[in-house]
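Peer 1: Below is the file upload.txt, with compact mmCIF, C-alpha atoms.
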# COMPACT_ATOMS: atom_id res chain seq x y z
CA MET A 1 -96.37 167.32 -86.72
CA ALA A 2 -94.73 164.43 -84.85
CA PRO A 3 -93.97 162.32 -87.92
CA VAL A 4 -92.43 165.37 -89.61
CA ILE A 5 -89.98 166.08 -86.77
CA HIS A 6 -89.32 162.38 -86.37
CA GLU A 7 -88.42 161.99 -90.05
CA GLN A 8 -86.27 165.12 -89.98
CA ILE A 9 -84.36 163.76 -86.99
CA LYS A 10 -83.83 160.43 -88.78
CA ILE A 11 -82.24 162.29 -91.69
CA LEU A 12 -80.07 164.32 -89.31
CA VAL A 13 -78.93 161.15 -87.52
CA GLU A 14 -77.57 159.78 -90.82
CA LEU A 15 -76.08 163.18 -91.66
CA GLN A 16 -74.40 163.35 -88.25
CA LYS A 17 -72.68 159.99 -88.88
CA ILE A 18 -71.18 161.38 -92.06
CA ASP A 19 -70.23 164.69 -90.42
CA ALA A 20 -68.60 162.88 -87.49
CA ASP A 21 -66.47 160.89 -89.96
CA ILE A 22 -65.54 164.06 -91.83
CA TYR A 23 -64.62 165.82 -88.58
CA ARG A 24 -62.44 162.92 -87.39
CA SER A 25 -60.70 162.73 -90.76
CA LYS A 26 -60.01 166.47 -90.82
CA LYS A 27 -58.65 166.38 -87.25
CA GLU A 28 -56.35 163.53 -88.24
CA LEU A 29 -55.19 165.53 -91.24
CA GLU A 30 -54.65 168.64 -89.11
CA SER A 31 -52.38 166.69 -86.76
CA GLN A 32 -49.96 165.77 -89.55
CA PRO A 33 -47.91 169.03 -89.70
CA ALA A 34 -47.15 168.74 -85.96
CA LEU A 35 -46.13 165.08 -86.39
CA LYS A 36 -43.91 166.00 -89.32
CA GLN A 37 -42.36 168.88 -87.36
CA LYS A 38 -41.66 166.58 -84.40
CA MET A 39 -39.95 164.01 -86.64
CA GLU A 40 -37.74 166.68 -88.20
CA THR A 41 -36.95 168.28 -84.82
CA ASP A 42 -36.01 164.89 -83.32
CA PHE A 43 -33.78 164.18 -86.32
CA ASP A 44 -32.09 167.59 -85.96
CA LYS A 45 -31.31 166.73 -82.33
CA LYS A 46 -29.70 163.49 -83.47
CA LYS A 47 -27.67 165.41 -86.06
CA ALA A 48 -26.52 167.67 -83.23
CA GLY A 49 -25.16 164.56 -81.49
CA LEU A 50 -23.02 163.76 -84.53
CA LYS A 51 -21.84 167.36 -84.78
CA ALA A 52 -20.80 167.31 -81.11
CA ALA A 53 -18.85 164.08 -81.65
CA GLU A 54 -17.12 165.57 -84.72
CA GLU A 55 -16.19 168.68 -82.71
CA GLU A 56 -14.83 166.43 -79.96
CA LEU A 57 -12.73 164.57 -82.55
CA LYS A 58 -11.48 167.83 -84.03
CA THR A 59 -10.43 169.11 -80.58
CA ALA A 60 -8.61 165.86 -79.73
CA GLN A 61 -6.78 165.84 -83.09
CA LEU A 62 -5.80 169.49 -82.62
CA LYS A 63 -4.35 168.73 -79.17
CA GLN A 64 -2.47 165.76 -80.64
CA LYS A 65 -1.07 167.94 -83.41
CA GLU A 66 0.02 170.62 -80.92
CA LYS A 67 1.79 168.05 -78.73
CA GLU A 68 3.47 166.50 -81.76
CA GLY A 69 4.59 169.99 -82.82
CA ASP A 70 6.04 170.64 -79.37
CA LEU A 71 7.81 167.27 -79.45
CA GLN A 72 9.30 167.94 -82.89
CA SER A 73 10.42 171.40 -81.83
CA LYS A 74 12.16 170.05 -78.72
CA GLU A 75 13.81 167.21 -80.69
CA GLU A 76 15.20 169.72 -83.17
CA LYS A 77 16.50 171.83 -80.28
CA ILE A 78 18.15 168.75 -78.74
CA LYS A 79 19.91 167.96 -82.05
CA LYS A 80 21.05 171.54 -82.32
CA LEU A 81 22.43 171.58 -78.76
CA GLN A 82 24.10 168.20 -79.22
CA ALA A 83 25.85 169.53 -82.32
CA GLN A 84 27.08 172.50 -80.28
CA LEU A 85 28.04 170.42 -77.25
CA TYR A 86 31.50 169.42 -78.45
CA GLN A 87 32.32 172.90 -79.60
CA LEU A 88 32.20 174.26 -76.06
CA LYS A 89 35.56 175.12 -74.47
CA SER A 90 34.74 175.07 -70.75
CA ASN A 91 33.46 172.26 -68.57
CA LYS A 92 30.96 174.67 -67.02
CA GLU A 93 29.36 175.45 -70.38
CA TYR A 94 29.43 171.77 -71.31
CA THR A 95 27.73 170.72 -68.05
CA ALA A 96 25.09 173.47 -68.36
CA MET A 97 24.21 172.47 -71.92
CA GLU A 98 24.17 168.78 -71.02
CA MET A 99 21.69 169.55 -68.22
CA GLU A 100 19.56 171.52 -70.68
CA ILE A 101 19.56 168.58 -73.08
CA LYS A 102 18.52 166.20 -70.27
CA GLY A 103 15.71 168.55 -69.32
CA LEU A 104 14.45 168.66 -72.90
CA LYS A 105 14.61 164.86 -73.14
CA ALA A 106 12.60 164.59 -69.93
CA ASP A 107 10.04 166.99 -71.37
CA ASN A 108 9.88 164.86 -74.51
CA SER A 109 9.20 161.72 -72.50
CA VAL A 110 6.21 163.44 -70.92
CA LEU A 111 5.06 164.69 -74.33
CA GLU A 112 5.34 161.21 -75.84
CA GLU A 113 3.13 159.79 -73.06
CA GLU A 114 0.60 162.55 -73.58
CA ILE A 115 0.61 161.93 -77.34
CA LEU A 116 0.02 158.20 -76.81
CA LYS A 117 -2.93 158.99 -74.55
CA LEU A 118 -4.30 161.44 -77.11
CA LEU A 119 -3.95 158.82 -79.84
CA ASP A 120 -6.17 156.52 -77.77
CA VAL A 121 -8.66 159.36 -77.27
CA VAL A 122 -8.69 160.15 -80.99
CA ASP A 123 -9.30 156.49 -81.85
CA LEU A 124 -12.18 156.27 -79.36
CA VAL A 125 -13.80 159.49 -80.55
CA ARG A 126 -13.31 158.53 -84.21
CA ALA A 127 -15.14 155.27 -83.49
CA LYS A 128 -17.85 157.29 -81.75
CA VAL A 129 -18.22 159.53 -84.82
CA ALA A 130 -18.45 156.49 -87.11
CA LYS A 131 -21.12 154.97 -84.86
CA GLU A 132 -23.09 158.25 -84.77
CA LYS A 133 -22.94 158.47 -88.58
CA GLU A 134 -24.13 154.89 -88.99
CA HIS A 135 -26.94 155.48 -86.49
CA LEU A 136 -27.92 158.71 -88.23
CA VAL A 137 -28.17 156.99 -91.61
CA GLY A 138 -30.66 154.53 -90.11
CA GLU A 139 -32.58 157.31 -88.38
CA GLU A 140 -32.78 159.34 -91.58
CA ARG A 141 -34.03 156.34 -93.52
CA GLN A 142 -36.67 155.67 -90.87
CA MET A 143 -37.73 159.34 -90.83
CA LYS A 144 -38.12 159.37 -94.62
CA GLU A 145 -40.20 156.20 -94.46
CA GLU A 146 -42.44 157.73 -91.79
CA LEU A 147 -42.82 160.95 -93.78
CA ALA A 148 -43.73 158.93 -96.87
CA LYS A 149 -46.36 157.09 -94.80
CA LEU A 150 -47.77 160.42 -93.64
CA SER A 151 -48.02 161.60 -97.25
CA GLN A 152 -49.82 158.41 -98.27
CA GLN A 153 -52.08 158.73 -95.26
CA ALA A 154 -52.90 162.33 -96.21
CA LEU A 155 -53.86 161.20 -99.71
CA ARG A 156 -56.09 158.47 -98.28
CA ILE A 157 -57.75 160.82 -95.78
CA ASN A 158 -58.36 163.49 -98.40
CA GLY A 159 -59.97 160.84 -100.58
CA GLU A 160 -62.21 159.73 -97.70
CA ILE A 161 -63.20 163.34 -96.94
CA ALA A 162 -64.08 163.98 -100.59
CA SER A 163 -66.16 160.79 -100.69
CA GLN A 164 -68.00 161.64 -97.47
CA GLU A 165 -68.62 165.23 -98.56
CA GLU A 166 -70.10 163.93 -101.80
CA LYS A 167 -72.48 161.68 -99.83
CA ARG A 168 -73.36 164.60 -97.56
CA LYS A 169 -74.79 166.64 -100.43
CA ALA A 170 -77.87 164.42 -100.58
CA PHE A 171 -79.03 165.19 -97.01
CA PRO A 172 -79.46 169.00 -96.44
CA PRO A 173 -82.10 169.44 -99.21
CA ASN A 174 -84.33 166.98 -97.35
CA VAL A 175 -84.21 168.92 -94.08
CA GLU A 176 -86.14 172.08 -93.28
CA ALA A 177 -83.94 175.14 -93.94
CA LYS A 178 -84.24 176.50 -90.39
CA LEU A 179 -83.40 173.11 -88.87
CA ILE A 180 -80.40 172.41 -91.12
CA SER A 181 -79.12 175.91 -90.40
CA GLN A 182 -79.39 175.29 -86.66
CA TYR A 183 -77.75 171.87 -87.03
CA GLU A 184 -74.80 173.22 -89.01
CA ARG A 185 -74.29 176.11 -86.59
CA ILE A 186 -74.12 173.68 -83.64
CA LEU A 187 -71.92 171.31 -85.68
CA LYS A 188 -69.36 174.06 -86.22
CA GLY A 189 -69.36 175.19 -82.59
CA ARG A 190 -69.35 171.72 -81.02
CA GLU A 191 -66.45 169.98 -82.74
CA GLY A 192 -68.46 168.08 -85.32
CA LEU A 193 -71.12 166.82 -82.94
CA ALA A 194 -74.48 168.62 -83.26
CA LEU A 195 -76.93 165.77 -82.76
CA VAL A 196 -76.63 163.29 -79.88
CA PRO A 197 -78.78 160.48 -78.47
CA VAL A 198 -80.01 160.29 -74.89
CA ARG A 199 -77.84 157.82 -72.94
CA ASN A 200 -78.91 156.68 -69.47
CA ASN A 201 -81.24 159.68 -69.27
CA SER A 202 -78.31 162.00 -69.95
CA CYS A 203 -77.11 164.07 -72.89
CA GLY A 204 -74.92 161.94 -75.16
CA GLY A 205 -72.69 164.95 -75.77
CA CYS A 206 -71.95 166.65 -72.44
CA HIS A 207 -73.41 163.86 -70.22
CA MET A 208 -75.58 166.23 -68.23
CA GLU A 209 -78.49 164.38 -66.59
CA LEU A 210 -81.89 165.27 -68.11
CA PRO A 211 -85.12 165.72 -66.18
CA PRO A 212 -87.62 162.84 -66.66
CA GLN A 213 -90.11 165.20 -68.31
CA ARG A 214 -87.49 166.25 -70.84
CA VAL A 215 -86.65 162.62 -71.61
CA ASN A 216 -90.37 161.96 -72.24
CA GLU A 217 -90.58 164.94 -74.59
CA ILE A 218 -87.58 163.66 -76.54
CA GLN A 219 -89.22 160.22 -76.85
CA ILE A 220 -92.48 161.75 -78.11
CA ALA A 221 -90.50 163.71 -80.72
CA ASP A 222 -93.23 166.23 -81.53
CA LYS A 223 -90.79 169.13 -81.20
CA LEU A 224 -87.07 169.78 -81.35
CA ILE A 225 -85.30 169.50 -77.99
CA VAL A 226 -81.79 170.81 -77.31
CA CYS A 227 -79.56 170.20 -74.29
CA GLU A 228 -79.66 173.14 -71.88
CA SER A 229 -75.98 172.62 -71.12
CA CYS A 230 -74.27 172.14 -74.50
CA ALA A 231 -77.08 173.22 -76.90
CA ARG A 232 -76.80 170.02 -78.94
CA ILE A 233 -79.93 168.59 -80.52
CA LEU A 234 -81.19 165.57 -78.57
CA TYR A 235 -82.97 162.50 -79.94
CA TRP A 236 -84.22 159.20 -78.61
CA SER A 237 -82.46 156.06 -79.79
CA PRO A 238 -84.35 152.90 -78.76
Let me see the file written as structure tokens.

Peer 2:
Amino acid sequence: MAPVIHEQIKILVELQKIDADIYRSKKELESQPALKQKMETDFDKKKAGLKAAEEELKTAQLKQKEKEGDLQSKEEKIKKLQAQLYQLKSNKEYTAMEMEIKGLKADNSVLEEEILKLLDVVDLVRAKVAKEKEHLVGEERQMKEELAKLSQQALRINGEIASQEEKRKAFPPNVEAKLISQYERILKGREGLALVPVRNNSCGGCHMELPPQRVNEIQIADKLIVCESCARILYWSP
């Protein structure tokens, strides 16, 4: 009986190596959509930065245009009043219109200063937009490169999984049906780890300490022993 169990365990040890590789590869593959989503979300945030800068530029240009419109309107009013100035018959009317013209000119001086300040703002924001665009081009190129790497990685991993699954086919027929069924059930429920060695008198899966008698039984290998804590199959590795 002992040699039979011992030989079965030896087969399962080799099978577990393959299954562990398959599990790791599949987990790596499963992580790719989240990585891709994060890249795209991060890029969208960076695009939002450009959009905000463009909105800022649009607002500054609109303010500049409004101020320039006010200035033009007041200049036209000044010209109109100046043309009427010498047509007035009384000194009172003349003085009143002259004061109005001076007031409009004073307003224009303020508007011209505001327009100059806005021109500086527009130039600064325009430079900011240009910088954001340039930065975004680089970020987009980098994102596309990373996505291409992920695609190549997926192809490689799928190839490795297919290769390992092909190798795996040779093992189950050599293991007792009841044992392989138990192994595969544990494998599915324990994240690809159904068979573990004893390490420092503890389970190599959950690290629970094993009684000395249980360790001896595992060394003798005349029957199948499972961990009472995690239900994984235990074996002795010299």

Peer 1: Quick one: residues within 12 Å of Gly49 in chain A, all atoms listed in the file, excluding same-chain residues fewer than 6 positions away - as a compact mmCIF listing (two decimals) with C-alpha atoms, in the frame of the given file?

Peer 2:
# COMPACT_ATOMS: atom_id res chain seq x y z
CA ASP A 42 -36.01 164.89 -83.32
CA PHE A 43 -33.78 164.18 -86.32
CA GLU A 55 -16.19 168.68 -82.71
CA GLU A 56 -14.83 166.43 -79.96
CA LYS A 128 -17.85 157.29 -81.75
CA VAL A 129 -18.22 159.53 -84.82
CA ALA A 130 -18.45 156.49 -87.11
CA LYS A 131 -21.12 154.97 -84.86
CA GLU A 132 -23.09 158.25 -84.77
CA LYS A 133 -22.94 158.47 -88.58
CA HIS A 135 -26.94 155.48 -86.49
CA LEU A 136 -27.92 158.71 -88.23

Peer 1: Using all atoms of range 98-109 of chain A that appear in the file, construct an axis-aligned enclosing box with 5 Å of padding on every side and provide its centre coordinates and edge lengths in Å, rounded to one decimal, as AutoDock Vina command-line options.

Peer 2:
--center_x 16.7 --center_y 166.6 --center_z -71.4 --size_x 25.0 --size_y 19.8 --size_z 16.3

Peer 1: Within 10 Å of range 113-124 of chain A, counting all atoms listed in the file, which residues qualify if same-chain residues fewer than 4 places away don't, as a list in words?

Peer 2: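 Near neighbours after the sequence-gap exclusion: Glu56, Leu57, Lys58, Thr59, Ala60, Gln61, Leu62, Lys63, Gln64, Lys65, Glu66, Lys67, Glu68, Leu71, Asn108, Ser109, Lys128, Val129 and Ala130 of chain A.
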
Peer 1: With only C-alpha atoms as the atoms that count, which of A:Ala127, A:Val13, A:Cys227, A:Ile22 lies nearest to Val215 in chain A?

Peer 2: A:Cys227

Peer 1: What does the distance between CA of Ile220 in chain A and CA of Asn174 in chain A come to in Å, to one decimal place?

Peer 2: 21.5 Å

Peer 1: In Å to one decimal, how far is CA of Lys26 in chain A from CA of Met143 in chain A?

Peer 2: 23.4 Å

Peer 1: For the atom pair CA of Glu54 in chain A and CA of Gly138 in chain A, what is the interatomic distance in Å to one decimal place?

Peer 2: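 Taking CA of Glu54 in chain A and CA of Gly138 in chain A, their separation equals 18.3 Å.
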
Peer 1: Could you pull the residues within 8 Å of range 27-41 of chain A, counting only C-alpha atoms, minus those fewer than 5 positions along the same chain, as a list in words?

Peer 2: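 My reading of the contact set: Met143, Leu147, Leu150, Ala154 and Ile157 of chain A.
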
Peer 1: Calculated over all atoms listed in the file, which of the candidates A:Gln142, A:Ser25, A:Asn91, A:Ser237 has the smallest distance to Leu195 in chain A?

Peer 2: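 Among A:Gln142, A:Ser25, A:Asn91, A:Ser237, it is A:Ser237 that comes nearest to Leu195 in chain A.
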
Peer 1: Which of these, A:Lys105, A:Arg141, A:Arg232, A:Arg190, has the shortest distance to Leu81 in chain A once you count only C-alpha atoms?

Peer 2: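 Looking at the shortest contact to Leu81 in chain A, the residue is A:Lys105.
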
Peer 1: What's around Tyr86 in chain A at 12 Å? Count only C-alpha atoms, leave out sequence neighbours fewer than 5 positions away in its own chain, and write the answer as a compact mmCIF listing (two decimals) with C-alpha atoms, in the frame of the given file.

Peer 2:
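Contents of selection01.txt, as written:
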# COMPACT_ATOMS: atom_id res chain seq x y z
CA LYS A 80 21.05 171.54 -82.32
CA LEU A 81 22.43 171.58 -78.76
CA ASN A 91 33.46 172.26 -68.57
CA GLU A 93 29.36 175.45 -70.38
CA TYR A 94 29.43 171.77 -71.31
CA THR A 95 27.73 170.72 -68.05
CA MET A 97 24.21 172.47 -71.92
CA GLU A 98 24.17 168.78 -71.02

Peer 1: Taking all atoms listed in the file into account, which of A:Glu75, A:His207, A:Gln8, A:Leu85 comes nearest Gly103 in chain A?

Peer 2: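 Ranking A:Glu75, A:His207, A:Gln8, A:Leu85 by distance to Gly103 in chain A, first place goes to A:Glu75.
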
Peer 1: Counting only C-alpha atoms, which of A:Ala194, A:Ala162, A:Ser73, A:Ser90 gets nearest to Ser181 in chain A?

Peer 2: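 Nearest candidate to Ser181 in chain A out of A:Ala194, A:Ala162, A:Ser73, A:Ser90: A:Ala194.
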
Peer 1: With all atoms listed in the file as the atoms that count, which of A:Arg126, A:Lys79, A:Lys144, A:Lys169 lies nearest to Ile18 in chain A?

Peer 2: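 Of A:Arg126, A:Lys79, A:Lys144, A:Lys169, the one nearest Ile18 in chain A is A:Lys169, counting all atoms listed in the file.
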
Peer 1: Provide range 221-232 of chain A rebuilt to all heavy atoms, formatted as a PDB file, keeping the file's coordinate frame.

Peer 2:
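Everything below was put into part23.pdb:
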ATOM      1  N   ALA A 221     -91.038 163.137 -79.484  1.00  0.00           N
ATOM      2  CA  ALA A 221     -90.500 163.710 -80.720  1.00  0.00           C
ATOM      3  C   ALA A 221     -91.496 164.530 -81.513  1.00  0.00           C
ATOM      4  O   ALA A 221     -91.571 164.427 -82.741  1.00  0.00           O
ATOM      5  CB  ALA A 221     -89.900 162.597 -81.598  1.00  0.00           C
ATOM      6  N   ASP A 222     -92.310 165.354 -80.800  1.00  0.00           N
ATOM      7  CA  ASP A 222     -93.230 166.230 -81.530  1.00  0.00           C
ATOM      8  C   ASP A 222     -92.672 167.652 -81.643  1.00  0.00           C
ATOM      9  O   ASP A 222     -93.311 168.544 -82.207  1.00  0.00           O
ATOM     10  CB  ASP A 222     -94.608 166.231 -80.867  1.00  0.00           C
ATOM     11  CG  ASP A 222     -94.562 166.794 -79.452  1.00  0.00           C
ATOM     12  OD1 ASP A 222     -93.435 167.005 -78.928  1.00  0.00           O
ATOM     13  OD2 ASP A 222     -95.636 167.005 -78.858  1.00  0.00           O
ATOM     14  N   LYS A 223     -91.479 167.842 -81.057  1.00  0.00           N
ATOM     15  CA  LYS A 223     -90.790 169.130 -81.200  1.00  0.00           C
ATOM     16  C   LYS A 223     -89.286 168.905 -81.017  1.00  0.00           C
ATOM     17  O   LYS A 223     -88.846 167.878 -80.477  1.00  0.00           O
ATOM     18  CB  LYS A 223     -91.301 170.134 -80.166  1.00  0.00           C
ATOM     19  CG  LYS A 223     -91.105 169.718 -78.727  1.00  0.00           C
ATOM     20  CD  LYS A 223     -91.690 170.764 -77.780  1.00  0.00           C
ATOM     21  CE  LYS A 223     -91.562 170.328 -76.315  1.00  0.00           C
ATOM     22  NZ  LYS A 223     -92.102 171.336 -75.390  1.00  0.00           N
ATOM     23  N   LEU A 224     -88.525 169.874 -81.443  1.00  0.00           N
ATOM     24  CA  LEU A 224     -87.070 169.780 -81.350  1.00  0.00           C
ATOM     25  C   LEU A 224     -86.627 170.128 -79.938  1.00  0.00           C
ATOM     26  O   LEU A 224     -87.012 171.151 -79.392  1.00  0.00           O
ATOM     27  CB  LEU A 224     -86.422 170.753 -82.355  1.00  0.00           C
ATOM     28  CG  LEU A 224     -84.950 170.465 -82.708  1.00  0.00           C
ATOM     29  CD1 LEU A 224     -84.825 169.159 -83.471  1.00  0.00           C
ATOM     30  CD2 LEU A 224     -84.378 171.620 -83.529  1.00  0.00           C
ATOM     31  N   ILE A 225     -85.810 169.271 -79.347  1.00  0.00           N
ATOM     32  CA  ILE A 225     -85.300 169.500 -77.990  1.00  0.00           C
ATOM     33  C   ILE A 225     -83.780 169.618 -78.053  1.00  0.00           C
ATOM     34  O   ILE A 225     -83.096 168.788 -78.659  1.00  0.00           O
ATOM     35  CB  ILE A 225     -85.667 168.328 -77.043  1.00  0.00           C
ATOM     36  CG1 ILE A 225     -87.173 168.074 -77.044  1.00  0.00           C
ATOM     37  CG2 ILE A 225     -85.146 168.601 -75.640  1.00  0.00           C
ATOM     38  CD1 ILE A 225     -88.000 169.143 -76.394  1.00  0.00           C
ATOM     39  N   VAL A 226     -83.247 170.646 -77.379  1.00  0.00           N
ATOM     40  CA  VAL A 226     -81.790 170.810 -77.310  1.00  0.00           C
ATOM     41  C   VAL A 226     -81.349 170.722 -75.854  1.00  0.00           C
ATOM     42  O   VAL A 226     -82.120 171.039 -74.933  1.00  0.00           O
ATOM     43  CB  VAL A 226     -81.315 172.140 -77.925  1.00  0.00           C
ATOM     44  CG1 VAL A 226     -81.657 172.205 -79.398  1.00  0.00           C
ATOM     45  CG2 VAL A 226     -81.865 173.328 -77.175  1.00  0.00           C
ATOM     46  N   CYS A 227     -80.113 170.294 -75.639  1.00  0.00           N
ATOM     47  CA  CYS A 227     -79.560 170.200 -74.290  1.00  0.00           C
ATOM     48  C   CYS A 227     -79.351 171.603 -73.730  1.00  0.00           C
ATOM     49  O   CYS A 227     -78.780 172.474 -74.397  1.00  0.00           O
ATOM     50  CB  CYS A 227     -78.228 169.442 -74.331  1.00  0.00           C
ATOM     51  SG  CYS A 227     -77.361 169.399 -72.738  1.00  0.00           S
ATOM     52  N   GLU A 228     -79.798 171.831 -72.497  1.00  0.00           N
ATOM     53  CA  GLU A 228     -79.660 173.140 -71.880  1.00  0.00           C
ATOM     54  C   GLU A 228     -78.212 173.461 -71.529  1.00  0.00           C
ATOM     55  O   GLU A 228     -77.860 174.617 -71.320  1.00  0.00           O
ATOM     56  CB  GLU A 228     -80.527 173.217 -70.614  1.00  0.00           C
ATOM     57  CG  GLU A 228     -82.018 173.173 -70.911  1.00  0.00           C
ATOM     58  CD  GLU A 228     -82.849 173.214 -69.646  1.00  0.00           C
ATOM     59  OE1 GLU A 228     -82.259 173.275 -68.536  1.00  0.00           O
ATOM     60  OE2 GLU A 228     -84.097 173.175 -69.742  1.00  0.00           O
ATOM     61  N   SER A 229     -77.392 172.418 -71.470  1.00  0.00           N
ATOM     62  CA  SER A 229     -75.980 172.620 -71.120  1.00  0.00           C
ATOM     63  C   SER A 229     -75.087 172.883 -72.335  1.00  0.00           C
ATOM     64  O   SER A 229     -74.346 173.856 -72.385  1.00  0.00           O
ATOM     65  CB  SER A 229     -75.443 171.408 -70.357  1.00  0.00           C
ATOM     66  OG  SER A 229     -74.066 171.535 -70.106  1.00  0.00           O
ATOM     67  N   CYS A 230     -75.183 172.013 -73.349  1.00  0.00           N
ATOM     68  CA  CYS A 230     -74.270 172.140 -74.500  1.00  0.00           C
ATOM     69  C   CYS A 230     -74.962 172.594 -75.782  1.00  0.00           C
ATOM     70  O   CYS A 230     -74.299 172.796 -76.803  1.00  0.00           O
ATOM     71  CB  CYS A 230     -73.542 170.816 -74.751  1.00  0.00           C
ATOM     72  SG  CYS A 230     -74.621 169.465 -75.304  1.00  0.00           S
ATOM     73  N   ALA A 231     -76.284 172.728 -75.758  1.00  0.00           N
ATOM     74  CA  ALA A 231     -77.080 173.220 -76.900  1.00  0.00           C
ATOM     75  C   ALA A 231     -77.128 172.252 -78.071  1.00  0.00           C
ATOM     76  O   ALA A 231     -77.569 172.616 -79.165  1.00  0.00           O
ATOM     77  CB  ALA A 231     -76.568 174.585 -77.370  1.00  0.00           C
ATOM     78  N   ARG A 232     -76.696 171.002 -77.865  1.00  0.00           N
ATOM     79  CA  ARG A 232     -76.800 170.020 -78.940  1.00  0.00           C
ATOM     80  C   ARG A 232     -78.242 169.527 -79.064  1.00  0.00           C
ATOM     81  O   ARG A 232     -78.972 169.477 -78.075  1.00  0.00           O
ATOM     82  CB  ARG A 232     -75.859 168.843 -78.690  1.00  0.00           C
ATOM     83  CG  ARG A 232     -74.366 169.191 -78.807  1.00  0.00           C
ATOM     84  CD  ARG A 232     -73.517 167.942 -78.636  1.00  0.00           C
ATOM     85  NE  ARG A 232     -72.100 168.221 -78.862  1.00  0.00           N
ATOM     86  CZ  ARG A 232     -71.205 168.461 -77.898  1.00  0.00           C
ATOM     87  NH1 ARG A 232     -71.597 168.485 -76.629  1.00  0.00           N
ATOM     88  NH2 ARG A 232     -69.945 168.687 -78.199  1.00  0.00           N
TER      89      ARG A 232
END
